[in-house]
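K.L.:
One structure, pasted below without further comment.
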Amino acid sequence: MSLAELGVKVAKTAAYHGRRLREAGRDLLWPLADFHRLARPVLVVGCSRAGTTLVYKTLSLAPDLASLNREAHAFWGALHPPEENGWMGHALTTADAGAADREQALRYYHRYLGAHRFVDKTNQNGFRLPYLDTLFEEPTFVFVKRSPGDNIASLMTGWGRHDEYGDWSAELPAEVRIDSGRYRRWCFFLFPGWRDYLDAPIEAVAAAQWAAYNDAVLAARVAIPSDRFVEVAYEALLADPVAAFRDLFTAVGADFSPPVARHCETVISRPYNAFSAPRVEKWRDAPEAARIEAVLPKVAATAQALGYAVEGEG
């Protein structure tokens with residue numbers, strides 16, 4: 001091992017133990033924590049493959065927001081595992097938001113981030129807005145929406161990566177044979193009625209996921225004060241990321257600092273977790289374009305509610 005390699009190893013070891021010490025110290029200080037700041041998080045939700053990672057990672061750069069810089073789906077999944085409700089889905093209600101859940105959530109984020117306002121992203125939480133709104137004191141929800149064609153196309157591609165998007169469903173009590181058995185592991189999230197799609201065409205599954213997720217958010221938003229619910233279109237981020245993110249940061253009360261602005265100037269050219277270069281109407285060039293087009297009328301009502309037009313509907 002060279003001297004340089006040894007230096008890197010020592011630095012990583014020191015950083016690791018430093019983090020562990022800070023976490024232990026925060027646990028000791030938990031009784032003195034500022035719960036008000038912790039209970040006012042910015043929670044990013046949106047259908048999987050809608051651009052939520054782009055929004056989350058950019059908000060994580062705000063100097064006045066703390067962030068894990070990773071999804072917390074393992075924490076939320078362990079708090080209420082899907083088998084708890086018989087694998088009905090990932091939805092939670094206000095009745096599930098008890099005192100024990102509240103303390104566990106606040107302690108979790110305090111341990112890793114301290115007593116700061118934080119930003120979080122867990123896609124499955126889109127089915128849990130009533131629960132989260134009760135669990136936290138004054139959460140601000142950032143809802144990322146994306147046009148049905150492009151979002152469905154990206155979901156279909158993601159279904160081919162079950163190790164990445166289906167790692168949570170290994171114990172699913174059902175046989176998945178989507179697209180004549182091409183897809184054998186359920187990916188992304190469960191929605192009401194998911195069992196009806198166990199052997200459906202992949203485009204039908206992706207369309208049902210897109211509609212169910214966005215319908216759940218739209219239904220929940222009516223009970224959330226308008227100043228704590230911010231909607232952002234993926235297409236607006238692509239068209240003018242600096243302006244769109246400036247408006248978003250203002251809406252959630254975060255500092256759109258000069259370094260963040262500079263980041264936004266080039267963020268689209270180096271996207272997060274994208275399957276290909278971001279652009280609008282990308283689905284039309286996909287090999288599955290005809291299959292996607294065939295299911296778009298089935299999601300037209302949801303698309304219209306989100307402000308998207310579907311050809312042939314009107």
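Going by the structure tokens order, chains are called A, B, ..., each with residues numbered from 1, while ligands are numbered from 1 in the order shown.
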Distance table requested - segment 141-196 of chain A against segment 73-80 of chain A, cut-off 12 Å, only C-alpha atoms: one row per qualifying residue with the closest atom pair and its distance in Å to one decimal, ordered by chain and rising residue number, as a Markdown table.
P.N.:
| residue | atom | partner | partner_atom | distance |
| --- | --- | --- | --- | --- |
| A:Tyr165 | CA | A:His73 | CA | 11.4 |
| A:Asp167 | CA | A:Ala74 | CA | 10.6 |
| A:Trp168 | CA | A:Gly77 | CA | 8.5 |
| A:Ser169 | CA | A:Gly77 | CA | 11.0 |
| A:Phe188 | CA | A:His73 | CA | 11.0 |
| A:Phe189 | CA | A:His73 | CA | 11.0 |
K.L.:
Keeping only C-alpha atoms, write the selected residues to a file as a PDB file, in the first residue's frame.
P.N.:
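See out-v8.pdb below for the written result:
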ATOM      1  CA  TYR A 165     -36.161  -1.098  -7.687  1.00  0.00           C
ATOM      2  CA  ASP A 167     -35.173  -5.240  -3.542  1.00  0.00           C
ATOM      3  CA  TRP A 168     -37.942  -4.633  -0.979  1.00  0.00           C
ATOM      4  CA  SER A 169     -40.400  -7.131  -2.530  1.00  0.00           C
ATOM      5  CA  PHE A 188     -41.228   0.500  -7.117  1.00  0.00           C
ATOM      6  CA  PHE A 189     -44.393   0.395  -4.956  1.00  0.00           C
TER       7      PHE A 189
END
K.L.:
Write out as a ChimeraX atom specification which residues come within 8 Å of Ala62 of chain A when counting only C-alpha atoms, dropping same-chain ones fewer than 3 positions away.
P.N.:
/A:58-59,65-66,254-257,260
K.L.:
Hey, can you spit out that residue selection with C-alpha atoms as a JSON list (two decimals), in the first residue's frame?
P.N.:
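In the end it all went to selection_5.json:
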[["chain", "number", "residue", "atom", "x", "y", "z"],
["A", 58, "THR", "CA", -30.83, 20.00, -5.46],
["A", 59, "LEU", "CA", -32.82, 20.92, -2.35],
["A", 65, "LEU", "CA", -31.61, 22.43, 5.03],
["A", 66, "ALA", "CA", -30.03, 19.25, 6.39],
["A", 254, "ALA", "CA", -34.97, 27.62, 1.63],
["A", 255, "ASP", "CA", -31.95, 29.73, 0.71],
["A", 256, "PHE", "CA", -31.29, 29.75, -3.03],
["A", 257, "SER", "CA", -27.66, 30.64, -2.54],
["A", 260, "VAL", "CA", -27.01, 26.51, -5.64]]
K.L.:
Give me the residues within 10 Å of Asp196 of chain A as a PyMOL selection string, counting only C-alpha atoms and dropping any in the same chain fewer than 4 places off.
P.N.:
chain A and resi 192+200+205
K.L.:
Pick from A:Ala261, A:Met88, A:Met156, A:Ala251: nearest to Gly193 of chain A, with only C-alpha atoms counted?
P.N.:
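Distance minimum relative to Gly193 of chain A lands on A:Met88.
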K.L.:
Using only C-alpha atoms, which of A:Pro139, A:Gly46, A:Pro297, A:Gly149 sits nearest Gly253 of chain A?
P.N.:
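The answer is A:Pro139, which sits nearest to Gly253 of chain A.
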K.L.:
Using only C-alpha atoms, which residue out of A:Phe229, A:Leu238, A:Ile268, A:Ser48 lies closest to Cys187 of chain A?
P.N.:
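Using only C-alpha atoms, Cys187 of chain A sits closest to A:Ser48.
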K.L.:
Between A:Gly51, A:Pro148, A:Gly126, A:Pro271, which has the minimum distance to Ala211 of chain A (counting only C-alpha atoms)?
P.N.:
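Once distances to Ala211 of chain A are computed over only C-alpha atoms, the minimum belongs to A:Pro148.
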K.L.:
So how far away is atom CA of Leu129 of chain A from atom CA of Ile224 of chain A, in Å?
P.N.:
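Value for the atom CA of Ile224 of chain A-atom CA of Leu129 of chain A distance: 8.8 Å.
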K.L.:
Quick one: residues within 10 Å of segment 219-222 of chain A, only C-alpha atoms counted, chain neighbours fewer than 6 positions away excluded, as a ChimeraX atom specification?
P.N.:
/A:126-131,133,141,143,228-230
K.L.:
Would you list the contacts of segment 175-181 of chain A as a ChimeraX atom specification, taking every protein, DNA or RNA residue within 8 Å and counting only C-alpha atoms, but skipping same-chain residues closer than 6 positions in sequence?
P.N.:
/A:197-202
K.L.:
Quick one: residues within 9 Å of Tyr272 of chain A, only C-alpha atoms, excluding same-chain residues fewer than 2 positions away - as a list in words?
P.N.:
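Close residues of Tyr272 of chain A: Gly51, Thr53, Leu54, Lys57, Val267, Ile268, Arg270 and Ala274 of chain A.
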K.L.:
With N, CA and C atoms retained, export the selected residues as a PDB file, in the first residue's frame.
P.N.:
ATOM      1  N   GLY A  51     -38.587  12.383 -11.533  1.00  0.00           N
ATOM      2  CA  GLY A  51     -37.657  13.485 -11.338  1.00  0.00           C
ATOM      3  C   GLY A  51     -37.482  13.876  -9.887  1.00  0.00           C
ATOM      4  N   THR A  53     -35.539  12.557  -7.626  1.00  0.00           N
ATOM      5  CA  THR A  53     -34.140  12.586  -7.198  1.00  0.00           C
ATOM      6  C   THR A  53     -33.478  13.903  -7.574  1.00  0.00           C
ATOM      7  N   LEU A  54     -33.763  14.393  -8.759  1.00  0.00           N
ATOM      8  CA  LEU A  54     -33.252  15.694  -9.192  1.00  0.00           C
ATOM      9  C   LEU A  54     -33.662  16.783  -8.211  1.00  0.00           C
ATOM     10  N   LYS A  57     -31.971  16.063  -4.558  1.00  0.00           N
ATOM     11  CA  LYS A  57     -30.538  16.337  -4.499  1.00  0.00           C
ATOM     12  C   LYS A  57     -30.251  17.835  -4.582  1.00  0.00           C
ATOM     13  N   VAL A 267     -27.208  21.515 -14.071  1.00  0.00           N
ATOM     14  CA  VAL A 267     -27.675  20.268 -13.479  1.00  0.00           C
ATOM     15  C   VAL A 267     -28.311  19.335 -14.512  1.00  0.00           C
ATOM     16  N   ILE A 268     -28.961  19.852 -15.528  1.00  0.00           N
ATOM     17  CA  ILE A 268     -29.628  19.003 -16.511  1.00  0.00           C
ATOM     18  C   ILE A 268     -28.611  18.269 -17.380  1.00  0.00           C
ATOM     19  N   ARG A 270     -25.936  16.937 -16.329  1.00  0.00           N
ATOM     20  CA  ARG A 270     -25.360  15.845 -15.541  1.00  0.00           C
ATOM     21  C   ARG A 270     -26.443  15.332 -14.581  1.00  0.00           C
ATOM     22  N   ALA A 274     -30.498   9.049 -14.288  1.00  0.00           N
ATOM     23  CA  ALA A 274     -31.286   9.051 -15.514  1.00  0.00           C
ATOM     24  C   ALA A 274     -30.890   7.871 -16.390  1.00  0.00           C
TER      25      ALA A 274
END
K.L.:
Using backbone DSSP assignments, extract all helix (DSSP H, G or I) residues from segment 37-279 of chain A; output them as a ChimeraX atom specification.
P.N.:
/A:37-38,52-59,73-79,82-85,94-96,99-113,123-127,129-135,148-158,162-165,167-169,178-181,194-197,202-221,226-228,234-239,241-252,258-269
K.L.:
Using Å and a single decimal, report how far atom CA of Leu132 of chain A sits from atom CA of Ala305 of chain A.
P.N.:
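Pair atom CA of Ala305 of chain A / atom CA of Leu132 of chain A returns 23.0 Å.
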K.L.:
With distances taken over only C-alpha atoms, which of A:Asn214, A:Gln124, A:Thr157, A:Thr266 is nearest to Pro81 of chain A?
P.N.:
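Checking each candidate against Pro81 of chain A, we get A:Gln124 as the closest.
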